[in-house]
Amino acid sequence: MGLEQAFDDGPAFVPYLAAGDPGYEESLAYVEALARGGADVVELGLPFSEPIAEGTTIQEAIVRALDAGMTPHRYFEFVEDLAVDVPLVCMTYYNLIYQYGTESGPRPFVERAAEVGIEGFVVPDLPAEEAGPLRAACDEFGLDLVFLVAPTTTDERLERMREQVSGYVYVQARLGTTGAREDVSDHTARSLSRIVDWDVPEAVGFGIKTGGHAERIVRAGADGVIVGSALVDIVAEGHANDDPTEEVADRLEAKARELKEGALRGAGRLEAESD
Amino acid sequence: MGLEQAFDDGPAFVPYLAAGDPGYEESLAYVEALARGGADVVELGLPFSEPIAEGTTIQEAIVRALDAGMTPHRYFEFVEDLAVDVPLVCMTYYNLIYQYGTESGPRPFVERAAEVGIEGFVVPDLPAEEAGPLRAACDEFGLDLVFLVAPTTTDERLERMREQVSGYVYVQARLGTTGAREDVSDHTARSLSRIVDWDVPEAVGFGIKTGGHAERIVRAGADGVIVGSALVDIVAEGHANDDPTEEVADRLEAKARELKEGALRGAGRLEAESD
Amino acid sequence: MGTHSKFGDYGGQYVPEALMPAIEELTEAYERYVLDNEDGFREEFGRRLADFGGRPTPLQRADQLSARYDTEVYLKREDLLHGGAHKLNNALGQVLLAKYMGKERIIAETGAGQHGTATAMAAAHLDMPCEIYMGETDIARQRPNVFRMRINGAEVTPVTTGRGTLKEAISETMRDWSRTVETTHYVIGSVVGPHPFPAMVRDFQAVISEEAREQCREKTSRLPDAVLACAGGGSNTMGAFDAFAGDEDVGLYAVEAGGSSLSVDEDEGVAPNSASLSTGEEGVLHGARTKVLQDSDGQIMESHSVSAGLDYAGVGPELAYLVDEGRVNAVNVDDAAALEAFHRLSREEGVIPALETAHAFGYLHERADNLGDLVVVNVSGRGDKDLETVVEETGERDIETAPDMDLFREVGGGI
Amino acid sequence: MGTHSKFGDYGGQYVPEALMPAIEELTEAYERYVLDNEDGFREEFGRRLADFGGRPTPLQRADQLSARYDTEVYLKREDLLHGGAHKLNNALGQVLLAKYMGKERIIAETGAGQHGTATAMAAAHLDMPCEIYMGETDIARQRPNVFRMRINGAEVTPVTTGRGTLKEAISETMRDWSRTVETTHYVIGSVVGPHPFPAMVRDFQAVISEEAREQCREKTSRLPDAVLACAGGGSNTMGAFDAFAGDEDVGLYAVEAGGSSLSVDEDEGVAPNSASLSTGEEGVLHGARTKVLQDSDGQIMESHSVSAGLDYAGVGPELAYLVDEGRVNAVNVDDAAALEAFHRLSREEGVIPALETAHAFGYLHERADNLGDLVVVNVSGRGDKDLETVVEETGERDIETAPDMDLFREVGGGI
Ligand SMILES: Cc1ncc(COP(=O)(O)O)c(C=O)c1O
Ligand SMILES: Cc1ncc(COP(=O)(O)O)c(C=O)c1O
């Protein structure tokens, strides 16, 4: 299981994009741009028709990707077509995992994911209580299973997750669904303190939008920052304006660099900016 | 009380028109035309806003007359302005009789009617049971009160009417409200036989449209024929076509003559037509 | 129950001779079946009211209004009756009676369509052919009710004479009845018309107050200080009052539609209200002597109210009598107060009343301080039928209790 | 009643972590108040259901249908419940529970608007602020229900993402809830979603069959041979079945919307029906494992039915389980049969059913011969909300039981 190692070299930058948004080719270029910009892990969304855990921004990305023809099968081709060497985490909903292949249950999906080189999963609608079969399949094929910890998660449930988590833990910085926000909540430090003794890296997401945010999150103790909506916004805007793919890719790369550098500054690995 | 005498010279022809339909002046001319055509009595409607006993034809005549400004006060002027010497019967609804004048009850209305020379009343929504006060006022001022007998009237109710009726009795030839019809029901003979021993003349109405109808009705035993809708139809048509008043008046006179002659034929006072 | 053809000088049978036999036959049937309960009429009526109609309807404490007015306010929930208004009590009673009488066909007139729909439902339930006369103007304005009647299997016959509204429909139904009395029963929709209708309709509606009186004692161990009901023809009114008539300490309030003003325009023959009890004069309308909105000549005026069901120039003769006797208080509230009360009840209690009903709540709001400690308001019907009118009328006014209307404007189009 | 998070393999809690605490808190509250009746919750619920909601609803013999099918047909009249459908049983239960839990705010999603209006009514009644999420397409289609919610004081928030229909509204409500779990309760509208919703909503709706079972014994001295209910999410269905579950001789029939066809269009992701029990596959949707209309990849399909309230790609997990176990028969009828049944019931019994409900009567018509001697059909709601749809859809088809549509065309315009 290799995801943990992505956090070894200091604070990790973990961007999210929906695979196939707004189209197959553009999306390949965008993910590659993020890798160039310094991504340590990429959370690559496999679009599901009912994304109940997403904010509006990512929901709309998913609609674009679905309309452009993204399916689980295409998704695996997409991963194979990607020319990046950062670890990939598949972020999707449980029904797609459960339905894949002829045999029901998560095993065929995990097997195929392993084949194309995916290293782990984030499944927002799969709480630890229901995760047994997926955890087992991940173990069989050597993949990680990341869980989300929310500010409201009870101690009892934290224990249940701790038993099953691997790769990293996704710490939700504040209540609500995904979506870029100006402020970085001070839930972060408190949330991190609750899991400080876990033996997986702690990546913080929800609402991170700028290098400055990333810096403060890392300073508050995070091992990594997860950024989705701020990047999807760039894709959406480029799509709306019909901008050339390379231009959008450049903007994504620059944004990635800003976020990565913010994270590094938070860890004292680059000079701090006044913000 | 003079109405009865109008039946003395053989079968009477009793036409109905709504006073003021479609306007004051036209209406004067039309009533006068009926007199010229042979009317023995004229039932002159005083329009009421809720004519529940009328068919559509007469209801619409009433609407036209009201729209042209007919009121009880104007009605009495109308009667004074009429240059006819046949007896006039006021046909209206009880509320107008009841409300007239400052003192409530029918007396002021009857007093005024007597003043202008009206000789009797037909009040379709005033059954014998409720007619006491009007009967008393009529007695006081020497006017007649005509009642309607329907095919469905019970023997018990016939008795009640017989006690109060004067002038003539209005025999409803068939069920339904007023309205010209092609057929003459054979209810007529049956109805007449029930009141054959009353000491007022029996005039039959409802559905009489042609000289032929009138002839058969009189042959069945009627002392007179009452005709409304067939005449109102002529007024309505003239109004709709904007025909000159004299033309419409001429048509009414001709129709009156046809009906009167039919009645006379029925009594063997003119040669019978083949019909 | 009782059979009087008159209430003081009011009432009577001012109808065309052709209808008298039907009226007499009906009077006899009313006495036999309704009063003397021949052939178990009353049991069957009660059973069908329960099973088909949904009786008893609850007497519900209105928590928010009680707090607001510092008075116990209870709602008699006739809005929960099948069809959405008290109208079914009467329609079901009359159609059932017609069945007992061996009639084969039902006719009725309707204005806003509430009585027509209730009659169509009752006729379908009892498997009787049914024809409803409705002015063509009203048909165009009340399409949902027209459709309800049609899908319940009733013929809806447009009346094209005059202005094509309720009064022409009444005339047309009378006309039908005088042609078909032998086989047909005419279901009159309120405590109006010739005897026995006022007494009979009251008896069919009296179940409202019979239940409410019992329920009130059960829930509060006492009788109310006041009972409020809106009054158009007065059927929900008489229904809500009847069982309390002998309880002299219970104040009875008939709330009429004050419309936009209590004054009248004699020249135009228009009353901008429907407050026959408050502003009408004694007269004869549609078969009975009662209080009537009329001009000085005795011509009936066009009445007006934001609520179609109150928009009638007459009122039940018994109600007119009880007002003259001082037993019933005739009061009224205007269109704006009714709309405000409509929104208040909807928003604070989760009960959307008919606009007719809202008048009773308008009066409650204006006079809660003077009505005593325990008030029962008859919720004569639900307001679903009035949504379109309410959106329109609220938009034209500044109604404090109303929700912001922007969403409706934004989405655009009619309801 | 009982608390299972699963029904066989179905059910569970497939929800975002942020919601888990709310779900756990709700599960605890459900157990304390609903199951263990702490603080007299059940009495208060029962009292409010009676007084505000109008319970018990009648069990009515359908005279004409009984004769037609030569089978005793009884109607459980949930259409008489306040608001016009069984939905209030659940909405009132959940809003009351939220109050017991100390929540300060109610949210809900709605598609056709039935659940939204029930929730808005219950929230107004219990004086709780309420926000309803509704797709903007649905808002435009369901204006009367939008207005009912607004005048009951609820905020109606248009959801503009995607196609602007139910699924987007569900996502948006989840989103709100995950931001506001601490103060807010999300009232789910059927026996769907994560535990405890399926069990809790069933318990709130079980009053239907508890009453019906008793009423049936009282009226007929026996239990029915069959109980029929339409099934969208399945809340009226589970409500109508629950008390009969242990009566093995009582056949239970869940009638789904067969739409225009039972086949699906994989390429378009469209199922021209909503028959999840009959044609769906096991999957995870909106928090629960259940039968789902999905393509072979697991993407949820767009379902279709002439009746908006049945138009849902999933179904309650307990119902899926009971079908697998053979206790409940999953059957379906198509749009045309439902429309025909809508007209038949309206015309012959004077009860205008919701289009959802009409499906159950469609099945009765097709299979009356095989259902035994005594059948109870749950009339889940009234059809007033469906008039516009019915005029339109009937006009497009040749429906034998429908009235002549000419009058509507003549008068012109929308309803
Ligand atoms: C709900 C409701 N309340 C009241 C009325 C007025 O009638 P009444 O005064 O006879 O009760 C109507 C008439 O349509 C109505 O629909
Ligand atoms: C009247 C009626 N019946 C049935 C349904 C379907 O829901 P369920 O299957 O949860 O009872 C609805 C949903 O809106 C409805 O309004």
# chains A, B, ... in the order shown; residues from 1 in each chain; ligands from 1
$ select_by_dssp --residues "range 124-241 of chain C" --states "helix (DSSP H, G or I)" --output "VMD selection string"
chain C and resid 124 to 125 136 to 141 143 to 151 166 to 180 197 to 205 207 to 220 235 to 241
$ interface_residues --of "chain A" --to "chain D" --cutoff "8 Å" --atoms "only C-alpha atoms" --output "number ranges by chain"
A: 48-56, 60, 63, 71-72, 94-96, 98-100, 124-127, 130, 148-154, 175-177
$ residues_near_ligand --ligand "ligand 2" --cutoff "8 Å" --atoms "only C-alpha atoms and all ligand atoms" --output "PyMOL selection string"
chain D and resi 79+84-87+111-115+189-191+230-238+308-310+315+353-357+379-383
$ write_last_selection --atoms "N, CA, C and O atoms" --output "compact mmCIF listing (two decimals), in the first residue's frame"
# COMPACT_ATOMS: atom_id res chain seq x y z
N ASP D 79 -57.20 9.60 1.64
CA ASP D 79 -57.41 10.86 0.91
C ASP D 79 -58.10 11.90 1.78
O ASP D 79 -58.07 13.09 1.47
N GLY D 84 -54.64 15.93 2.16
CA GLY D 84 -55.11 15.16 1.02
C GLY D 84 -54.34 13.90 0.70
O GLY D 84 -54.53 13.32 -0.36
N ALA D 85 -53.48 13.46 1.59
CA ALA D 85 -52.75 12.21 1.35
C ALA D 85 -52.19 11.68 2.67
O ALA D 85 -52.11 12.41 3.67
N HIS D 86 -51.79 10.42 2.62
CA HIS D 86 -51.18 9.77 3.78
C HIS D 86 -49.90 10.47 4.23
O HIS D 86 -49.41 10.22 5.32
N LYS D 87 -49.35 11.32 3.39
CA LYS D 87 -48.04 11.92 3.67
C LYS D 87 -47.98 12.59 5.04
O LYS D 87 -46.94 12.62 5.68
N GLY D 111 -40.74 16.56 -4.71
CA GLY D 111 -40.73 16.46 -6.17
C GLY D 111 -42.05 17.03 -6.68
O GLY D 111 -42.14 18.18 -7.07
N ALA D 112 -43.08 16.23 -6.58
CA ALA D 112 -44.41 16.70 -6.99
C ALA D 112 -44.97 17.70 -6.00
O ALA D 112 -45.93 18.41 -6.31
N GLY D 113 -44.42 17.75 -4.83
CA GLY D 113 -44.87 18.75 -3.87
C GLY D 113 -45.76 18.19 -2.77
O GLY D 113 -46.11 18.90 -1.84
N GLN D 114 -46.09 16.91 -2.85
CA GLN D 114 -47.00 16.36 -1.84
C GLN D 114 -46.33 16.25 -0.48
O GLN D 114 -46.90 16.63 0.53
N HIS D 115 -45.12 15.73 -0.48
CA HIS D 115 -44.43 15.62 0.80
C HIS D 115 -44.07 17.01 1.33
O HIS D 115 -44.15 17.26 2.53
N GLY D 189 -39.41 11.80 2.97
CA GLY D 189 -40.81 11.68 2.64
C GLY D 189 -41.34 10.28 2.41
O GLY D 189 -42.53 10.11 2.13
N SER D 190 -40.49 9.27 2.51
CA SER D 190 -41.03 7.92 2.32
C SER D 190 -40.18 6.95 3.13
O SER D 190 -39.27 7.37 3.86
N VAL D 191 -40.47 5.67 2.98
CA VAL D 191 -39.73 4.65 3.74
C VAL D 191 -38.39 4.36 3.07
O VAL D 191 -38.01 3.20 2.89
N CYS D 230 -50.57 1.32 -3.74
CA CYS D 230 -49.58 1.71 -4.74
C CYS D 230 -48.23 1.84 -4.06
O CYS D 230 -48.14 1.98 -2.84
N ALA D 231 -47.16 1.75 -4.83
CA ALA D 231 -45.82 1.86 -4.24
C ALA D 231 -44.94 2.75 -5.09
O ALA D 231 -44.67 2.46 -6.25
N GLY D 232 -44.51 3.86 -4.49
CA GLY D 232 -43.47 4.70 -5.09
C GLY D 232 -42.24 4.44 -4.26
O GLY D 232 -41.51 3.47 -4.48
N GLY D 233 -42.03 5.27 -3.22
CA GLY D 233 -41.03 4.93 -2.21
C GLY D 233 -41.55 3.77 -1.36
O GLY D 233 -40.79 2.93 -0.90
N GLY D 234 -42.87 3.75 -1.16
CA GLY D 234 -43.48 2.65 -0.44
C GLY D 234 -44.01 2.99 0.95
O GLY D 234 -44.26 2.08 1.74
N SER D 235 -44.22 4.25 1.23
CA SER D 235 -44.65 4.57 2.60
C SER D 235 -46.12 4.29 2.83
O SER D 235 -46.49 3.78 3.89
N ASN D 236 -46.98 4.60 1.85
CA ASN D 236 -48.38 4.24 2.07
C ASN D 236 -48.52 2.74 2.01
O ASN D 236 -49.39 2.15 2.65
N THR D 237 -47.64 2.13 1.25
CA THR D 237 -47.63 0.69 1.08
C THR D 237 -47.29 0.00 2.40
O THR D 237 -48.07 -0.82 2.92
N MET D 238 -46.16 0.35 2.96
CA MET D 238 -45.77 -0.25 4.24
C MET D 238 -46.80 0.10 5.31
O MET D 238 -47.12 -0.72 6.17
N ALA D 308 -46.58 11.67 -10.71
CA ALA D 308 -45.33 12.23 -10.22
C ALA D 308 -44.88 11.57 -8.92
O ALA D 308 -43.69 11.37 -8.69
N GLY D 309 -45.81 11.23 -8.06
CA GLY D 309 -45.45 10.70 -6.74
C GLY D 309 -44.91 9.29 -6.78
O GLY D 309 -44.35 8.81 -5.80
N LEU D 310 -45.08 8.59 -7.87
CA LEU D 310 -44.51 7.24 -7.98
C LEU D 310 -43.19 7.27 -8.74
O LEU D 310 -42.49 6.26 -8.83
N VAL D 315 -36.88 2.30 -3.92
CA VAL D 315 -38.06 1.84 -3.17
C VAL D 315 -37.57 1.50 -1.77
O VAL D 315 -36.38 1.23 -1.58
N PRO D 353 -59.34 9.74 -6.89
CA PRO D 353 -58.09 9.34 -6.23
C PRO D 353 -56.89 10.08 -6.83
O PRO D 353 -56.96 10.59 -7.95
N ALA D 354 -55.82 10.13 -6.08
CA ALA D 354 -54.55 10.57 -6.66
C ALA D 354 -54.17 9.61 -7.78
O ALA D 354 -54.56 8.44 -7.77
N LEU D 355 -53.42 10.10 -8.74
CA LEU D 355 -52.97 9.22 -9.82
C LEU D 355 -52.11 8.08 -9.27
O LEU D 355 -52.12 6.97 -9.81
N GLU D 356 -51.37 8.35 -8.21
CA GLU D 356 -50.60 7.28 -7.57
C GLU D 356 -51.55 6.17 -7.15
O GLU D 356 -51.41 5.01 -7.52
N THR D 357 -52.54 6.56 -6.36
CA THR D 357 -53.54 5.63 -5.85
C THR D 357 -54.24 4.86 -6.97
O THR D 357 -54.55 3.67 -6.82
N VAL D 379 -56.56 4.10 -0.31
CA VAL D 379 -56.70 5.32 -1.12
C VAL D 379 -55.70 6.33 -0.54
O VAL D 379 -56.01 7.13 0.34
N SER D 380 -54.47 6.26 -1.07
CA SER D 380 -53.37 7.00 -0.42
C SER D 380 -53.56 8.50 -0.49
O SER D 380 -53.05 9.23 0.35
N GLY D 381 -54.29 8.98 -1.49
CA GLY D 381 -54.47 10.43 -1.57
C GLY D 381 -55.57 10.80 -2.54
O GLY D 381 -56.06 9.98 -3.30
N ARG D 382 -55.93 12.08 -2.48
CA ARG D 382 -56.96 12.55 -3.39
C ARG D 382 -56.34 13.13 -4.66
O ARG D 382 -55.18 13.51 -4.68
N GLY D 383 -57.18 13.21 -5.70
CA GLY D 383 -56.65 13.53 -7.01
C GLY D 383 -56.74 14.99 -7.43
O GLY D 383 -56.35 15.32 -8.55
$ select_by_dssp --residues "range 114-214 of chain B" --states "strand (DSSP E or B)" --output "VMD selection string"
chain B and resid 120 to 122 144 to 149 169 to 172 202 to 205
$ interface_residues --of "chain D" --to "chain C" --cutoff "8 Å" --atoms "only C-alpha atoms" --output "PyMOL selection string"
chain D and resi 50-52+54+57-61+63-64+80-82+120-127+139-140+143-144+147-148+150-153+343+346-352+384+387+402-403+408+411-412+415
$ write_last_selection --atoms "C-alpha atoms" --output "JSON list (two decimals), in the first residue's frame"
[["chain", "number", "residue", "atom", "x", "y", "z"],
["D", 50, "ALA", "CA", -56.59, 12.83, 15.32],
["D", 51, "ASP", "CA", -57.26, 16.51, 15.93],
["D", 52, "PHE", "CA", -55.09, 18.12, 13.30],
["D", 54, "GLY", "CA", -58.43, 13.93, 11.00],
["D", 57, "THR", "CA", -59.90, 7.84, 8.43],
["D", 58, "PRO", "CA", -62.87, 5.69, 7.40],
["D", 59, "LEU", "CA", -62.84, 2.25, 5.89],
["D", 60, "GLN", "CA", -65.61, 2.59, 3.35],
["D", 61, "ARG", "CA", -67.39, -0.09, 1.39],
["D", 63, "ASP", "CA", -70.77, -0.26, -3.33],
["D", 64, "GLN", "CA", -70.38, 0.06, -7.08],
["D", 80, "LEU", "CA", -59.42, 12.40, 3.75],
["D", 81, "LEU", "CA", -56.34, 13.09, 5.83],
["D", 82, "HIS", "CA", -55.44, 16.77, 6.20],
["D", 120, "ALA", "CA", -44.99, 22.59, 5.58],
["D", 121, "MET", "CA", -48.38, 21.99, 7.19],
["D", 122, "ALA", "CA", -46.93, 19.96, 10.01],
["D", 123, "ALA", "CA", -44.20, 22.54, 10.60],
["D", 124, "ALA", "CA", -46.71, 25.39, 10.69],
["D", 125, "HIS", "CA", -48.89, 23.41, 13.07],
["D", 126, "LEU", "CA", -45.94, 22.82, 15.40],
["D", 127, "ASP", "CA", -44.51, 26.30, 14.92],
["D", 139, "ILE", "CA", -41.66, 24.40, -9.16],
["D", 140, "ALA", "CA", -42.89, 25.49, -12.55],
["D", 143, "ARG", "CA", -47.39, 25.74, -8.73],
["D", 144, "PRO", "CA", -50.44, 25.00, -6.57],
["D", 147, "PHE", "CA", -48.17, 28.07, -3.19],
["D", 148, "ARG", "CA", -49.59, 25.84, -0.48],
["D", 150, "ARG", "CA", -45.49, 29.21, 0.86],
["D", 151, "ILE", "CA", -48.74, 30.18, 2.46],
["D", 152, "ASN", "CA", -48.07, 27.68, 5.20],
["D", 153, "GLY", "CA", -45.03, 29.78, 5.89],
["D", 343, "HIS", "CA", -61.84, 7.74, -14.02],
["D", 346, "SER", "CA", -64.24, 8.90, -9.66],
["D", 347, "ARG", "CA", -67.27, 8.17, -11.71],
["D", 348, "GLU", "CA", -68.59, 5.12, -9.96],
["D", 349, "GLU", "CA", -67.79, 5.92, -6.35],
["D", 350, "GLY", "CA", -67.52, 9.70, -6.18],
["D", 351, "VAL", "CA", -63.97, 9.44, -4.87],
["D", 352, "ILE", "CA", -61.33, 11.12, -7.04],
["D", 384, "ASP", "CA", -57.32, 17.26, -6.95],
["D", 387, "LEU", "CA", -56.53, 17.40, -12.52],
["D", 402, "ALA", "CA", -63.29, 9.06, -19.04],
["D", 403, "PRO", "CA", -65.92, 11.73, -19.51],
["D", 408, "PHE", "CA", -62.72, 21.52, -21.42],
["D", 411, "VAL", "CA", -63.91, 26.60, -22.59],
["D", 412, "GLY", "CA", -60.24, 26.58, -23.49],
["D", 415, "ILE", "CA", -57.31, 24.39, -15.72]]
$ atom_distance --atom1 "CA of Tyr30 in chain C" --atom2 "CA of Leu96 in chain C"
11.2 Å
$ residues_around --residues "Val328 in chain D" --least-positions-apart "3" --cutoff "6 Å" --atoms "only C-alpha atoms" --output "PyMOL selection string"
chain D and resi 252-253+322-323
